[in-house]
>>> print(open('model.cif').read())   # mmCIF, N, CA and C atoms
data_upload
loop_
_atom_site.label_atom_id
_atom_site.label_comp_id
_atom_site.auth_asym_id
_atom_site.auth_seq_id
_atom_site.Cartn_x
_atom_site.Cartn_y
_atom_site.Cartn_z
N MET A 1 0.85 -1.17 0.00
CA MET A 1 0.00 0.00 0.00
C MET A 1 0.90 1.24 0.00
N LYS A 2 0.66 2.15 -0.94
CA LYS A 2 1.42 3.39 -1.01
C LYS A 2 0.72 4.45 -0.17
N VAL A 3 1.49 5.16 0.65
CA VAL A 3 0.92 6.19 1.52
C VAL A 3 1.78 7.45 1.50
N ARG A 4 1.17 8.52 1.98
CA ARG A 4 1.85 9.80 2.14
C ARG A 4 1.68 10.21 3.60
N ALA A 5 2.79 10.51 4.25
CA ALA A 5 2.75 10.99 5.63
C ALA A 5 3.04 12.49 5.61
N ILE A 6 2.11 13.27 6.12
CA ILE A 6 2.28 14.71 6.25
C ILE A 6 2.82 14.95 7.66
N VAL A 7 4.02 15.50 7.75
CA VAL A 7 4.70 15.68 9.04
C VAL A 7 4.78 17.16 9.36
N ASP A 8 4.25 17.54 10.52
CA ASP A 8 4.32 18.93 11.00
C ASP A 8 5.11 18.94 12.29
N MET A 9 6.02 19.91 12.41
CA MET A 9 6.90 20.02 13.57
C MET A 9 6.71 21.40 14.19
N VAL A 10 6.44 21.45 15.47
CA VAL A 10 6.30 22.74 16.15
C VAL A 10 7.60 23.10 16.85
N GLY A 11 8.22 22.11 17.50
CA GLY A 11 9.37 22.38 18.37
C GLY A 11 10.73 22.14 17.76
N CYS A 12 10.81 21.95 16.44
CA CYS A 12 12.11 21.77 15.80
C CYS A 12 11.99 22.17 14.34
N GLU A 13 13.13 22.33 13.71
CA GLU A 13 13.19 22.63 12.28
C GLU A 13 13.30 21.32 11.51
N PHE A 14 13.04 21.37 10.21
CA PHE A 14 13.10 20.20 9.35
C PHE A 14 14.43 19.47 9.49
N GLU A 15 15.54 20.19 9.48
CA GLU A 15 16.86 19.56 9.51
C GLU A 15 17.05 18.69 10.75
N GLU A 16 16.63 19.18 11.91
CA GLU A 16 16.75 18.40 13.15
C GLU A 16 15.87 17.15 13.09
N TRP A 17 14.64 17.32 12.59
CA TRP A 17 13.75 16.17 12.45
C TRP A 17 14.36 15.15 11.49
N GLN A 18 14.90 15.61 10.36
CA GLN A 18 15.44 14.67 9.37
C GLN A 18 16.63 13.89 9.92
N ILE A 19 17.48 14.53 10.69
CA ILE A 19 18.60 13.81 11.31
C ILE A 19 18.07 12.68 12.18
N PHE A 20 17.06 12.97 12.99
CA PHE A 20 16.48 11.92 13.84
C PHE A 20 15.80 10.86 12.99
N PHE A 21 15.01 11.25 12.01
CA PHE A 21 14.30 10.32 11.13
C PHE A 21 15.29 9.39 10.42
N ASP A 22 16.38 9.96 9.93
CA ASP A 22 17.40 9.17 9.25
C ASP A 22 18.10 8.19 10.19
N SER A 23 18.12 8.49 11.49
CA SER A 23 18.85 7.65 12.45
C SER A 23 18.23 6.25 12.59
N TYR A 24 16.98 6.08 12.22
CA TYR A 24 16.38 4.75 12.29
C TYR A 24 15.89 4.27 10.92
N GLN A 25 16.56 4.72 9.87
CA GLN A 25 16.21 4.34 8.50
C GLN A 25 16.40 2.84 8.28
N ALA A 26 17.45 2.27 8.84
CA ALA A 26 17.72 0.84 8.65
C ALA A 26 16.57 -0.01 9.20
N GLU A 27 16.07 0.37 10.37
CA GLU A 27 14.93 -0.36 10.95
C GLU A 27 13.67 -0.17 10.10
N ARG A 28 13.43 1.07 9.65
CA ARG A 28 12.25 1.37 8.84
C ARG A 28 12.25 0.59 7.54
N SER A 29 13.45 0.40 6.97
CA SER A 29 13.53 -0.26 5.66
C SER A 29 13.07 -1.71 5.71
N ARG A 30 12.94 -2.28 6.89
CA ARG A 30 12.39 -3.64 7.02
C ARG A 30 10.88 -3.65 6.80
N PHE A 31 10.25 -2.48 6.93
CA PHE A 31 8.79 -2.40 6.90
C PHE A 31 8.24 -1.57 5.74
N VAL A 32 9.10 -0.76 5.09
CA VAL A 32 8.67 0.09 3.99
C VAL A 32 9.67 0.02 2.85
N LYS A 33 9.23 0.46 1.66
CA LYS A 33 10.16 0.57 0.52
C LYS A 33 9.81 1.82 -0.28
N ASN A 34 10.73 2.20 -1.15
CA ASN A 34 10.55 3.36 -2.03
C ASN A 34 10.19 4.62 -1.25
N GLU A 35 10.92 4.85 -0.16
CA GLU A 35 10.65 6.00 0.71
C GLU A 35 11.31 7.26 0.14
N THR A 36 10.52 8.33 0.07
CA THR A 36 11.01 9.63 -0.39
C THR A 36 10.58 10.69 0.61
N VAL A 37 11.54 11.51 1.06
CA VAL A 37 11.27 12.61 1.98
C VAL A 37 11.36 13.92 1.21
N ILE A 38 10.32 14.74 1.35
CA ILE A 38 10.27 16.03 0.67
C ILE A 38 10.05 17.11 1.73
N GLN A 39 10.97 18.07 1.80
CA GLN A 39 10.77 19.19 2.71
C GLN A 39 9.73 20.11 2.10
N THR A 40 8.68 20.42 2.86
CA THR A 40 7.61 21.28 2.35
C THR A 40 7.60 22.65 3.04
N GLY A 41 8.45 22.81 4.05
CA GLY A 41 8.56 24.07 4.77
C GLY A 41 9.64 23.95 5.82
N ASP A 42 9.89 25.03 6.57
CA ASP A 42 10.90 25.00 7.63
C ASP A 42 10.55 23.99 8.71
N LYS A 43 9.25 23.74 8.89
CA LYS A 43 8.77 22.87 9.96
C LYS A 43 7.79 21.83 9.44
N SER A 44 7.98 21.40 8.19
CA SER A 44 7.06 20.42 7.63
C SER A 44 7.73 19.59 6.54
N ALA A 45 7.17 18.39 6.35
CA ALA A 45 7.69 17.48 5.33
C ALA A 45 6.58 16.53 4.89
N GLU A 46 6.82 15.91 3.75
CA GLU A 46 5.98 14.80 3.29
C GLU A 46 6.90 13.62 3.08
N VAL A 47 6.45 12.47 3.51
CA VAL A 47 7.19 11.24 3.29
C VAL A 47 6.26 10.29 2.54
N VAL A 48 6.68 9.88 1.35
CA VAL A 48 5.90 8.96 0.53
C VAL A 48 6.62 7.62 0.54
N PHE A 49 5.85 6.53 0.74
CA PHE A 49 6.46 5.21 0.83
C PHE A 49 5.42 4.13 0.62
N GLU A 50 5.90 2.92 0.39
CA GLU A 50 5.02 1.76 0.29
C GLU A 50 5.21 0.92 1.55
N ILE A 51 4.12 0.52 2.16
CA ILE A 51 4.17 -0.29 3.37
C ILE A 51 4.28 -1.76 3.00
N LEU A 52 5.30 -2.41 3.56
CA LEU A 52 5.49 -3.85 3.37
C LEU A 52 4.91 -4.64 4.54
N ASP A 53 5.01 -4.07 5.74
CA ASP A 53 4.59 -4.75 6.97
C ASP A 53 4.00 -3.72 7.92
N ILE A 54 2.67 -3.58 7.89
CA ILE A 54 1.99 -2.57 8.71
C ILE A 54 2.17 -2.83 10.20
N ASP A 55 2.13 -4.10 10.61
CA ASP A 55 2.29 -4.40 12.04
C ASP A 55 3.68 -4.03 12.52
N GLY A 56 4.70 -4.36 11.74
CA GLY A 56 6.07 -4.01 12.11
C GLY A 56 6.27 -2.51 12.16
N LEU A 57 5.71 -1.79 11.18
CA LEU A 57 5.83 -0.34 11.15
C LEU A 57 5.11 0.29 12.33
N THR A 58 3.96 -0.24 12.69
CA THR A 58 3.22 0.26 13.85
C THR A 58 4.02 0.06 15.12
N GLU A 59 4.62 -1.10 15.29
CA GLU A 59 5.45 -1.36 16.48
C GLU A 59 6.67 -0.44 16.51
N LEU A 60 7.31 -0.24 15.37
CA LEU A 60 8.46 0.67 15.31
C LEU A 60 8.05 2.07 15.74
N SER A 61 6.89 2.52 15.30
CA SER A 61 6.41 3.86 15.63
C SER A 61 6.17 4.05 17.12
N LYS A 62 6.00 2.95 17.85
CA LYS A 62 5.76 3.00 19.30
C LYS A 62 7.05 2.96 20.10
N ARG A 63 8.21 2.89 19.41
CA ARG A 63 9.48 2.81 20.12
C ARG A 63 9.65 4.05 21.00
N PRO A 64 10.10 3.88 22.25
CA PRO A 64 10.17 5.01 23.19
C PRO A 64 10.95 6.23 22.69
N ASP A 65 12.09 6.02 22.03
CA ASP A 65 12.86 7.19 21.58
C ASP A 65 12.11 7.96 20.50
N ILE A 66 11.37 7.27 19.66
CA ILE A 66 10.59 7.94 18.61
C ILE A 66 9.43 8.70 19.24
N MET A 67 8.72 8.06 20.14
CA MET A 67 7.60 8.73 20.82
C MET A 67 8.09 9.93 21.62
N ASP A 68 9.24 9.80 22.29
CA ASP A 68 9.80 10.91 23.08
C ASP A 68 10.17 12.09 22.19
N PHE A 69 10.83 11.81 21.06
CA PHE A 69 11.22 12.90 20.14
C PHE A 69 9.97 13.62 19.64
N GLU A 70 8.98 12.86 19.20
CA GLU A 70 7.77 13.47 18.67
C GLU A 70 7.03 14.28 19.73
N ALA A 71 6.99 13.78 20.96
CA ALA A 71 6.32 14.52 22.03
C ALA A 71 7.10 15.78 22.39
N LYS A 72 8.41 15.65 22.53
CA LYS A 72 9.26 16.79 22.92
C LYS A 72 9.18 17.91 21.90
N HIS A 73 9.08 17.57 20.61
CA HIS A 73 9.11 18.57 19.54
C HIS A 73 7.74 18.80 18.91
N SER A 74 6.69 18.28 19.53
CA SER A 74 5.32 18.44 19.03
C SER A 74 5.23 18.11 17.55
N VAL A 75 5.72 16.91 17.20
CA VAL A 75 5.66 16.42 15.83
C VAL A 75 4.36 15.64 15.65
N THR A 76 3.62 15.99 14.62
CA THR A 76 2.41 15.23 14.28
C THR A 76 2.55 14.65 12.89
N VAL A 77 1.98 13.47 12.71
CA VAL A 77 2.07 12.78 11.43
C VAL A 77 0.65 12.37 11.01
N ASP A 78 0.27 12.79 9.83
CA ASP A 78 -1.04 12.45 9.28
C ASP A 78 -0.80 11.53 8.08
N ILE A 79 -1.26 10.28 8.17
CA ILE A 79 -1.06 9.30 7.12
C ILE A 79 -2.25 9.33 6.16
N GLN A 80 -1.95 9.43 4.87
CA GLN A 80 -3.00 9.47 3.85
C GLN A 80 -2.70 8.39 2.80
N ALA A 81 -3.70 7.63 2.42
CA ALA A 81 -3.53 6.64 1.36
C ALA A 81 -3.34 7.36 0.04
N GLU A 82 -2.48 6.81 -0.78
CA GLU A 82 -2.21 7.39 -2.12
C GLU A 82 -3.24 6.88 -3.10
#
>>> encode(input="model.cif", output="structure tokens")
Amino acid sequence: MKVRAIVDMVGCEFEEWQIFFDSYQAERSRFVKNETVIQTGDKSAEVVFEILDIDGLTELSKRPDIMDFEAKHSVTVDIQAE
């Protein structure tokens, strides 16, 4: 399933978010493919990808360091089907 994630950041800039997002790319690649990140503003991005394993991706999203970063920086992600 191809999806688009709309990412909004209140407490950080795109560059800081991307560094963190890239830090767990190897783990994400087990669950998604053809991932493309597009900066849409100083505090926003779109990530387009195909989901290979929704359960694995859901579990990865619940990882404490990811949840902490998103909470600390008020990052919200809206997933839309393509």
>>> residues_around(input="model.cif", residues="Ser74 (chain A)", least_positions_apart="2", cutoff="5 Å", atoms="all atoms listed in the file", output="PDB file with N, CA and C atoms, in the frame of the given file")
ATOM      1  N   MET A   9       6.020  19.910  12.410  1.00  0.00           N
ATOM      2  CA  MET A   9       6.900  20.020  13.570  1.00  0.00           C
ATOM      3  C   MET A   9       6.710  21.400  14.190  1.00  0.00           C
ATOM      4  N   VAL A  10       6.440  21.450  15.470  1.00  0.00           N
ATOM      5  CA  VAL A  10       6.300  22.740  16.150  1.00  0.00           C
ATOM      6  C   VAL A  10       7.600  23.100  16.850  1.00  0.00           C
ATOM      7  N   GLY A  11       8.220  22.110  17.500  1.00  0.00           N
ATOM      8  CA  GLY A  11       9.370  22.380  18.370  1.00  0.00           C
ATOM      9  C   GLY A  11      10.730  22.140  17.760  1.00  0.00           C
ATOM     10  N   GLU A  70       8.980  12.860  19.200  1.00  0.00           N
ATOM     11  CA  GLU A  70       7.770  13.470  18.670  1.00  0.00           C
ATOM     12  C   GLU A  70       7.030  14.280  19.730  1.00  0.00           C
ATOM     13  N   ALA A  71       6.990  13.780  20.960  1.00  0.00           N
ATOM     14  CA  ALA A  71       6.320  14.520  22.030  1.00  0.00           C
ATOM     15  C   ALA A  71       7.100  15.780  22.390  1.00  0.00           C
ATOM     16  N   LYS A  72       8.410  15.650  22.530  1.00  0.00           N
ATOM     17  CA  LYS A  72       9.260  16.790  22.920  1.00  0.00           C
ATOM     18  C   LYS A  72       9.180  17.910  21.900  1.00  0.00           C
ATOM     19  N   THR A  76       3.620  15.990  14.620  1.00  0.00           N
ATOM     20  CA  THR A  76       2.410  15.230  14.280  1.00  0.00           C
ATOM     21  C   THR A  76       2.550  14.650  12.890  1.00  0.00           C
TER      22      THR A  76
END
>>> residues_around(input="model.cif", residues="Asp55 (chain A)", least_positions_apart="5", cutoff="8 Å", atoms="only N, CA and C atoms", output="PyMOL selection string")
chain A and resi 31+60-61
>>> write_last_selection(input="model.cif", atoms="N, CA and C atoms", output="PDB file, in the coordinates of the input")
ATOM      1  N   PHE A  31      10.250  -2.480   6.930  1.00  0.00           N
ATOM      2  CA  PHE A  31       8.790  -2.400   6.900  1.00  0.00           C
ATOM      3  C   PHE A  31       8.240  -1.570   5.740  1.00  0.00           C
ATOM      4  N   LEU A  60       7.310  -0.240  15.370  1.00  0.00           N
ATOM      5  CA  LEU A  60       8.460   0.670  15.310  1.00  0.00           C
ATOM      6  C   LEU A  60       8.050   2.070  15.740  1.00  0.00           C
ATOM      7  N   SER A  61       6.890   2.520  15.300  1.00  0.00           N
ATOM      8  CA  SER A  61       6.410   3.860  15.630  1.00  0.00           C
ATOM      9  C   SER A  61       6.170   4.050  17.120  1.00  0.00           C
TER      10      SER A  61
END
>>> resolve_selection(input="model.cif", expression="the PyMOL selection byres ((chain A and resi 48) around 6)", output="list in words")
Val3, Arg4, Ala5, Asn34, Glu35, Thr36, Val37, Glu46, Val47, Phe49 and Glu50 of chain A
>>> closest_residue(input="model.cif", among="A:Lys43, A:Leu57, A:Val77, A:Asp8", to="Arg30 (chain A)", atoms="all atoms listed in the file")
A:Leu57
>>> atom_distance(input="model.cif", atom1="atom N of Glu82 (chain A)", atom2="atom C of Pro64 (chain A)")
27.0 Å
>>> select_by_dssp(input="model.cif", residues="chain A", states="strand (DSSP E or B)", output="PyMOL selection string")
chain A and resi 2-9+32-41+44-51+75-81
>>> write_last_selection(input="model.cif", atoms="N, CA and C atoms", output="short mmCIF file (atom, residue, chain, number, x, y, z; two decimals), in the coordinates of the input")
data_model
loop_
_atom_site.label_atom_id
_atom_site.label_comp_id
_atom_site.auth_asym_id
_atom_site.auth_seq_id
_atom_site.Cartn_x
_atom_site.Cartn_y
_atom_site.Cartn_z
N LYS A 2 0.66 2.15 -0.94
CA LYS A 2 1.42 3.39 -1.01
C LYS A 2 0.72 4.45 -0.17
N VAL A 3 1.49 5.16 0.65
CA VAL A 3 0.92 6.19 1.52
C VAL A 3 1.78 7.45 1.50
N ARG A 4 1.17 8.52 1.98
CA ARG A 4 1.85 9.80 2.14
C ARG A 4 1.68 10.21 3.60
N ALA A 5 2.79 10.51 4.25
CA ALA A 5 2.75 10.99 5.63
C ALA A 5 3.04 12.49 5.61
N ILE A 6 2.11 13.27 6.12
CA ILE A 6 2.28 14.71 6.25
C ILE A 6 2.82 14.95 7.66
N VAL A 7 4.02 15.50 7.75
CA VAL A 7 4.70 15.68 9.04
C VAL A 7 4.78 17.16 9.36
N ASP A 8 4.25 17.54 10.52
CA ASP A 8 4.32 18.93 11.00
C ASP A 8 5.11 18.94 12.29
N MET A 9 6.02 19.91 12.41
CA MET A 9 6.90 20.02 13.57
C MET A 9 6.71 21.40 14.19
N VAL A 32 9.10 -0.76 5.09
CA VAL A 32 8.67 0.09 3.99
C VAL A 32 9.67 0.02 2.85
N LYS A 33 9.23 0.46 1.66
CA LYS A 33 10.16 0.57 0.52
C LYS A 33 9.81 1.82 -0.28
N ASN A 34 10.73 2.20 -1.15
CA ASN A 34 10.55 3.36 -2.03
C ASN A 34 10.19 4.62 -1.25
N GLU A 35 10.92 4.85 -0.16
CA GLU A 35 10.65 6.00 0.71
C GLU A 35 11.31 7.26 0.14
N THR A 36 10.52 8.33 0.07
CA THR A 36 11.01 9.63 -0.39
C THR A 36 10.58 10.69 0.61
N VAL A 37 11.54 11.51 1.06
CA VAL A 37 11.27 12.61 1.98
C VAL A 37 11.36 13.92 1.21
N ILE A 38 10.32 14.74 1.35
CA ILE A 38 10.27 16.03 0.67
C ILE A 38 10.05 17.11 1.73
N GLN A 39 10.97 18.07 1.80
CA GLN A 39 10.77 19.19 2.71
C GLN A 39 9.73 20.11 2.10
N THR A 40 8.68 20.42 2.86
CA THR A 40 7.61 21.28 2.35
C THR A 40 7.60 22.65 3.04
N GLY A 41 8.45 22.81 4.05
CA GLY A 41 8.56 24.07 4.77
C GLY A 41 9.64 23.95 5.82
N SER A 44 7.98 21.40 8.19
CA SER A 44 7.06 20.42 7.63
C SER A 44 7.73 19.59 6.54
N ALA A 45 7.17 18.39 6.35
CA ALA A 45 7.69 17.48 5.33
C ALA A 45 6.58 16.53 4.89
N GLU A 46 6.82 15.91 3.75
CA GLU A 46 5.98 14.80 3.29
C GLU A 46 6.90 13.62 3.08
N VAL A 47 6.45 12.47 3.51
CA VAL A 47 7.19 11.24 3.29
C VAL A 47 6.26 10.29 2.54
N VAL A 48 6.68 9.88 1.35
CA VAL A 48 5.90 8.96 0.53
C VAL A 48 6.62 7.62 0.54
N PHE A 49 5.85 6.53 0.74
CA PHE A 49 6.46 5.21 0.83
C PHE A 49 5.42 4.13 0.62
N GLU A 50 5.90 2.92 0.39
CA GLU A 50 5.02 1.76 0.29
C GLU A 50 5.21 0.92 1.55
N ILE A 51 4.12 0.52 2.16
CA ILE A 51 4.17 -0.29 3.37
C ILE A 51 4.28 -1.76 3.00
N VAL A 75 5.72 16.91 17.20
CA VAL A 75 5.66 16.42 15.83
C VAL A 75 4.36 15.64 15.65
N THR A 76 3.62 15.99 14.62
CA THR A 76 2.41 15.23 14.28
C THR A 76 2.55 14.65 12.89
N VAL A 77 1.98 13.47 12.71
CA VAL A 77 2.07 12.78 11.43
C VAL A 77 0.65 12.37 11.01
N ASP A 78 0.27 12.79 9.83
CA ASP A 78 -1.04 12.45 9.28
C ASP A 78 -0.80 11.53 8.08
N ILE A 79 -1.26 10.28 8.17
CA ILE A 79 -1.06 9.30 7.12
C ILE A 79 -2.25 9.33 6.16
N GLN A 80 -1.95 9.43 4.87
CA GLN A 80 -3.00 9.47 3.85
C GLN A 80 -2.70 8.39 2.80
N ALA A 81 -3.70 7.63 2.42
CA ALA A 81 -3.53 6.64 1.36
C ALA A 81 -3.34 7.36 0.04
#
>>> closest_atom_pairs(input="model.cif", of="region 51-78 of chain A", to="region 15-23 of chain A", cutoff="10 Å", atoms="only C-alpha atoms", output="CSV")
residue,atom,partner,partner_atom,distance
A:Asp65,CA,A:Phe20,CA,9.8
A:Ile66,CA,A:Phe20,CA,8.6
A:Phe69,CA,A:Phe20,CA,8.3
A:Glu70,CA,A:Trp17,CA,9.0
A:His73,CA,A:Trp17,CA,8.8
A:Val75,CA,A:Trp17,CA,8.8
>>> atom_distance(input="model.cif", atom1="CA of Ala26 (chain A)", atom2="CA of Leu52 (chain A)")
14.1 Å
>>> atom_distance(input="model.cif", atom1="atom C of Asp68 (chain A)", atom2="atom N of Ile51 (chain A)")
23.9 Å
>>> closest_residue(input="model.cif", among="A:Ser44, A:Gly56, A:Lys62, A:Ile79", to="Cys12 (chain A)", atoms="only N, CA and C atoms")
A:Ser44
